[in-house]
Amino acid sequence: MTEAPTDLAEEVREQVKDRGSYHGVIDRLNKASVDKHWEAYVDIPWDDPELQIDPNDPRWILGEMDQLGRTEWYRSQPVEVQAQIGLWRVATAMKIGLQFENLLKRGLLNYAYWLPNGRPEFRYVYHETTEECHHGMMFQEFVNRTKMPIRGMPRALTTLAQVAPWIPLVNTELFFIFVLGGEDPIDYVQRKNLKGGHIKHPLEEMIMKIHIAEEARHISFARHYLKHRVPNLSKGRRRAIGIASPLILGWMARIMLSPPGPMVKRFNIPPEVVREAYKDGAHMDEVSDSVGKVRDLMAELGLITPVNRRLWKALGIWDEPKARRTSGPRRAAKAA
């Protein structure tokens with residue numbers, strides 16, 4: 001059994017000056033996956049009494065960081081109802097996470113299928129796919145143990161999302177932007193919750209720390225792949241990626257951070273409370289912040305232009321990239 005990580009793992013951040021430095025990053029990631037990995041049914045003691053899930057456990061109550069948790073309506077509910085809503089939110093995030101990772105794994109394998117012999121990406125893709133399989137198992141085991149009717153993505157969205165695994169056959173760079181669009185918002189929220197001390201239940205904390213540790217490697221691979229590939233693309237392909245990126249990121253971030261419809265219906269959450277929690281400026285800032293690292297990467301790669309910047313702004317996910325950000329207030333930067 002491997003101990004759950006105690007510190008939050010950080011991404012690999014290196015300059016990709018040439019093919020050799022890019023391969024060096026992949027070698028580091030491959031070694032890290034061999035040296036430190038977790039298995040869903042080996043490294044999580046699911047039957048430990050301290051890790052059991054009780055829907056009425058007050059440790060599931062949403063904290064001040066959560067937009068719904070701040071509303072007067074939520075705070076006025078009985079403690080048991082507050083706990084059940086909090087657990088539903090956690091379980092839904094895990095269900096959506098495993099559904100996204102299902103799409104990701106199929107896309108990764110489509111990408112790996114066509115790699116020539118000797119390519120170092122092949123081995124790393126299989127390490128990542130293995131780790132994502134364990135993530136899916138631990139997320140689903142958590143959902144099963146809540147005994148709640150958690151659905152995850154809406155049915156129409158699930159049907160539409162089935163195109164994602166085929167993107168690598170057309171445009172691998174766009175696929176890895178899709179990967180970051182799903183992984184970065186989850187990583188952002190999980191890190192913020194853990195650093196802020198908002199995670200109270202030990203099972204949720206253990207799962208989050210394992211997920212963050214391995215996702216740091218997955219995000220690193222996608223980021224360095226794009227740094228290696230995008231500068232050599234034709235102007236037409238770069239222009240297409242520049243337009244598609246904000247559409248993908250805006251869509252993915254909202255899926256990850258919006259309230260699940262079945263939860264709203266189950267607990268009779270009034271429409272005005274949903275609007276208060278998820279349509280105000282604070283929530284939109286959260287959505288924008290969750291894709292901040294990908295947005296900075298897009299700027300670094302020269303994929304943000306005066307034309308497609310309007311699309312970022314229209315989707316509510318624009319902020320000045322760090323490299324160009326001034327010392328003025330954040331709101332002023334957003335309005336620029």
# chains A, B, ... in the order shown; residues from 1 in each chain; ligands from 1
>>> closest_atom_pairs(of="region 211-309 of chain A", to="region 128-141 of chain A", cutoff="12 Å", atoms="only C-alpha atoms", output="CSV")
residue,atom,partner,partner_atom,distance
A:His211,CA,A:His135,CA,6.8
A:Ile212,CA,A:His135,CA,10.5
A:Ala213,CA,A:Glu131,CA,10.7
A:Glu214,CA,A:Glu131,CA,7.3
A:Glu215,CA,A:Glu132,CA,8.8
A:Ala216,CA,A:Glu128,CA,10.9
A:Arg217,CA,A:Glu128,CA,8.3
A:His218,CA,A:Glu128,CA,6.5
A:Ile219,CA,A:Glu128,CA,10.2
A:Ser220,CA,A:Glu128,CA,11.3
A:Phe221,CA,A:Glu128,CA,9.4
A:Ala222,CA,A:Glu128,CA,10.9
>>> write_last_selection(atoms="all heavy atoms", output="compact mmCIF listing (two decimals), in the first residue's frame")
# COMPACT_ATOMS: atom_id res chain seq x y z
N HIS A 211 -5.61 12.20 -6.59
CA HIS A 211 -5.96 12.71 -7.90
C HIS A 211 -5.05 13.87 -8.30
O HIS A 211 -4.52 13.91 -9.43
CB HIS A 211 -7.43 13.16 -7.91
CG HIS A 211 -7.95 13.52 -9.25
ND1 HIS A 211 -8.28 14.81 -9.61
CD2 HIS A 211 -8.18 12.76 -10.35
CE1 HIS A 211 -8.70 14.82 -10.85
NE2 HIS A 211 -8.65 13.60 -11.34
N ILE A 212 -4.83 14.81 -7.40
CA ILE A 212 -3.98 15.97 -7.70
C ILE A 212 -2.56 15.53 -8.03
O ILE A 212 -1.94 16.05 -8.98
CB ILE A 212 -3.99 16.95 -6.51
CG1 ILE A 212 -5.32 17.71 -6.47
CG2 ILE A 212 -2.82 17.94 -6.61
CD1 ILE A 212 -5.50 18.57 -5.24
N ALA A 213 -2.03 14.57 -7.25
CA ALA A 213 -0.65 14.13 -7.46
C ALA A 213 -0.44 13.57 -8.86
O ALA A 213 0.56 13.86 -9.53
CB ALA A 213 -0.27 13.08 -6.41
N GLU A 214 -1.39 12.76 -9.34
CA GLU A 214 -1.22 12.15 -10.66
C GLU A 214 -1.66 13.10 -11.77
O GLU A 214 -1.07 13.09 -12.86
CB GLU A 214 -1.96 10.82 -10.71
CG GLU A 214 -1.32 9.81 -9.74
CD GLU A 214 -1.90 8.41 -9.81
OE1 GLU A 214 -3.12 8.28 -10.07
OE2 GLU A 214 -1.14 7.46 -9.58
N GLU A 215 -2.67 13.92 -11.51
CA GLU A 215 -3.09 14.88 -12.53
C GLU A 215 -2.01 15.92 -12.80
O GLU A 215 -1.93 16.46 -13.92
CB GLU A 215 -4.39 15.59 -12.11
CG GLU A 215 -5.63 14.72 -12.17
CD GLU A 215 -5.91 14.19 -13.57
OE1 GLU A 215 -5.79 14.95 -14.54
OE2 GLU A 215 -6.25 13.00 -13.68
N ALA A 216 -1.18 16.22 -11.81
CA ALA A 216 -0.08 17.16 -12.05
C ALA A 216 0.81 16.66 -13.19
O ALA A 216 1.27 17.45 -14.02
CB ALA A 216 0.74 17.35 -10.77
N ARG A 217 1.02 15.34 -13.25
CA ARG A 217 1.82 14.77 -14.34
C ARG A 217 1.06 14.83 -15.66
O ARG A 217 1.62 15.15 -16.71
CB ARG A 217 2.19 13.32 -14.01
CG ARG A 217 3.02 13.18 -12.74
CD ARG A 217 3.67 11.82 -12.65
NE ARG A 217 2.76 10.72 -12.38
CZ ARG A 217 2.62 10.14 -11.19
NH1 ARG A 217 3.30 10.58 -10.15
NH2 ARG A 217 1.80 9.12 -11.04
N HIS A 218 -0.24 14.52 -15.62
CA HIS A 218 -1.04 14.50 -16.84
C HIS A 218 -1.13 15.91 -17.45
O HIS A 218 -1.00 16.08 -18.67
CB HIS A 218 -2.45 13.98 -16.55
CG HIS A 218 -2.45 12.64 -15.89
ND1 HIS A 218 -3.60 12.07 -15.36
CD2 HIS A 218 -1.46 11.73 -15.67
CE1 HIS A 218 -3.31 10.89 -14.85
NE2 HIS A 218 -2.02 10.67 -15.02
N ILE A 219 -1.34 16.90 -16.59
CA ILE A 219 -1.40 18.28 -17.06
C ILE A 219 -0.05 18.70 -17.62
O ILE A 219 0.03 19.39 -18.65
CB ILE A 219 -1.86 19.21 -15.91
CG1 ILE A 219 -3.34 18.95 -15.56
CG2 ILE A 219 -1.64 20.67 -16.27
CD1 ILE A 219 -3.82 19.64 -14.30
N SER A 220 1.02 18.28 -16.96
CA SER A 220 2.37 18.61 -17.43
C SER A 220 2.61 18.06 -18.83
O SER A 220 3.18 18.74 -19.69
CB SER A 220 3.43 18.05 -16.47
OG SER A 220 3.32 18.63 -15.20
N PHE A 221 2.18 16.81 -19.07
CA PHE A 221 2.39 16.22 -20.39
C PHE A 221 1.64 17.00 -21.46
O PHE A 221 2.20 17.34 -22.50
CB PHE A 221 1.94 14.76 -20.39
CG PHE A 221 2.05 14.12 -21.76
CD1 PHE A 221 3.28 13.78 -22.27
CD2 PHE A 221 0.91 13.87 -22.52
CE1 PHE A 221 3.39 13.21 -23.54
CE2 PHE A 221 1.01 13.30 -23.78
CZ PHE A 221 2.26 12.96 -24.30
N ALA A 222 0.36 17.28 -21.22
CA ALA A 222 -0.43 18.01 -22.21
C ALA A 222 0.16 19.39 -22.48
O ALA A 222 0.26 19.83 -23.63
CB ALA A 222 -1.88 18.15 -21.72
>>> closest_atom_pairs(of="region 172-236 of chain A", to="region 243-260 of chain A", cutoff="7 Å", atoms="only C-alpha atoms", output="JSON lines")
{"residue": "A:Ile177", "atom": "CA", "partner": "A:Ser245", "partner_atom": "CA", "distance": 6.8}
{"residue": "A:Phe178", "atom": "CA", "partner": "A:Ile248", "partner_atom": "CA", "distance": 6.3}
{"residue": "A:Gly181", "atom": "CA", "partner": "A:Leu249", "partner_atom": "CA", "distance": 4.9}
{"residue": "A:Gly182", "atom": "CA", "partner": "A:Met252", "partner_atom": "CA", "distance": 5.8}
{"residue": "A:Pro185", "atom": "CA", "partner": "A:Ala253", "partner_atom": "CA", "distance": 5.9}
{"residue": "A:Ile186", "atom": "CA", "partner": "A:Met256", "partner_atom": "CA", "distance": 6.8}
>>> select_by_dssp(residues="region 17-50 of chain A", states="helix (DSSP H, G or I)", output="list in words")
Arg19, Gly20, Ser21, Tyr22, His23, Gly24, Val25, Ile26, Asp27, Arg28, Leu29, Asn30, Lys31, Ala32, Ser33, Val34, Asp35, Pro49 and Glu50 of chain A
>>> write_last_selection(atoms="C-alpha atoms", output="PDB file, in the first residue's frame")
ATOM      1  CA  ARG A  19      13.082  17.947 -29.186  1.00  0.00           C
ATOM      2  CA  GLY A  20      15.708  16.791 -26.696  1.00  0.00           C
ATOM      3  CA  SER A  21      14.341  18.945 -23.844  1.00  0.00           C
ATOM      4  CA  TYR A  22      10.801  17.819 -24.695  1.00  0.00           C
ATOM      5  CA  HIS A  23      11.856  14.166 -24.490  1.00  0.00           C
ATOM      6  CA  GLY A  24      13.591  14.946 -21.193  1.00  0.00           C
ATOM      7  CA  VAL A  25      10.246  16.066 -19.724  1.00  0.00           C
ATOM      8  CA  ILE A  26       8.568  12.848 -20.892  1.00  0.00           C
ATOM      9  CA  ASP A  27      11.380  10.775 -19.335  1.00  0.00           C
ATOM     10  CA  ARG A  28      10.838  12.548 -16.002  1.00  0.00           C
ATOM     11  CA  LEU A  29       7.097  11.972 -16.152  1.00  0.00           C
ATOM     12  CA  ASN A  30       7.558   8.287 -17.030  1.00  0.00           C
ATOM     13  CA  LYS A  31       9.913   7.806 -14.075  1.00  0.00           C
ATOM     14  CA  ALA A  32       7.506   9.615 -11.725  1.00  0.00           C
ATOM     15  CA  SER A  33       4.639   7.333 -12.796  1.00  0.00           C
ATOM     16  CA  VAL A  34       6.764   4.275 -12.009  1.00  0.00           C
ATOM     17  CA  ASP A  35       8.081   5.619  -8.706  1.00  0.00           C
ATOM     18  CA  PRO A  49     -14.638   2.915   9.865  1.00  0.00           C
ATOM     19  CA  GLU A  50     -13.204   6.441   9.681  1.00  0.00           C
TER      20      GLU A  50
END
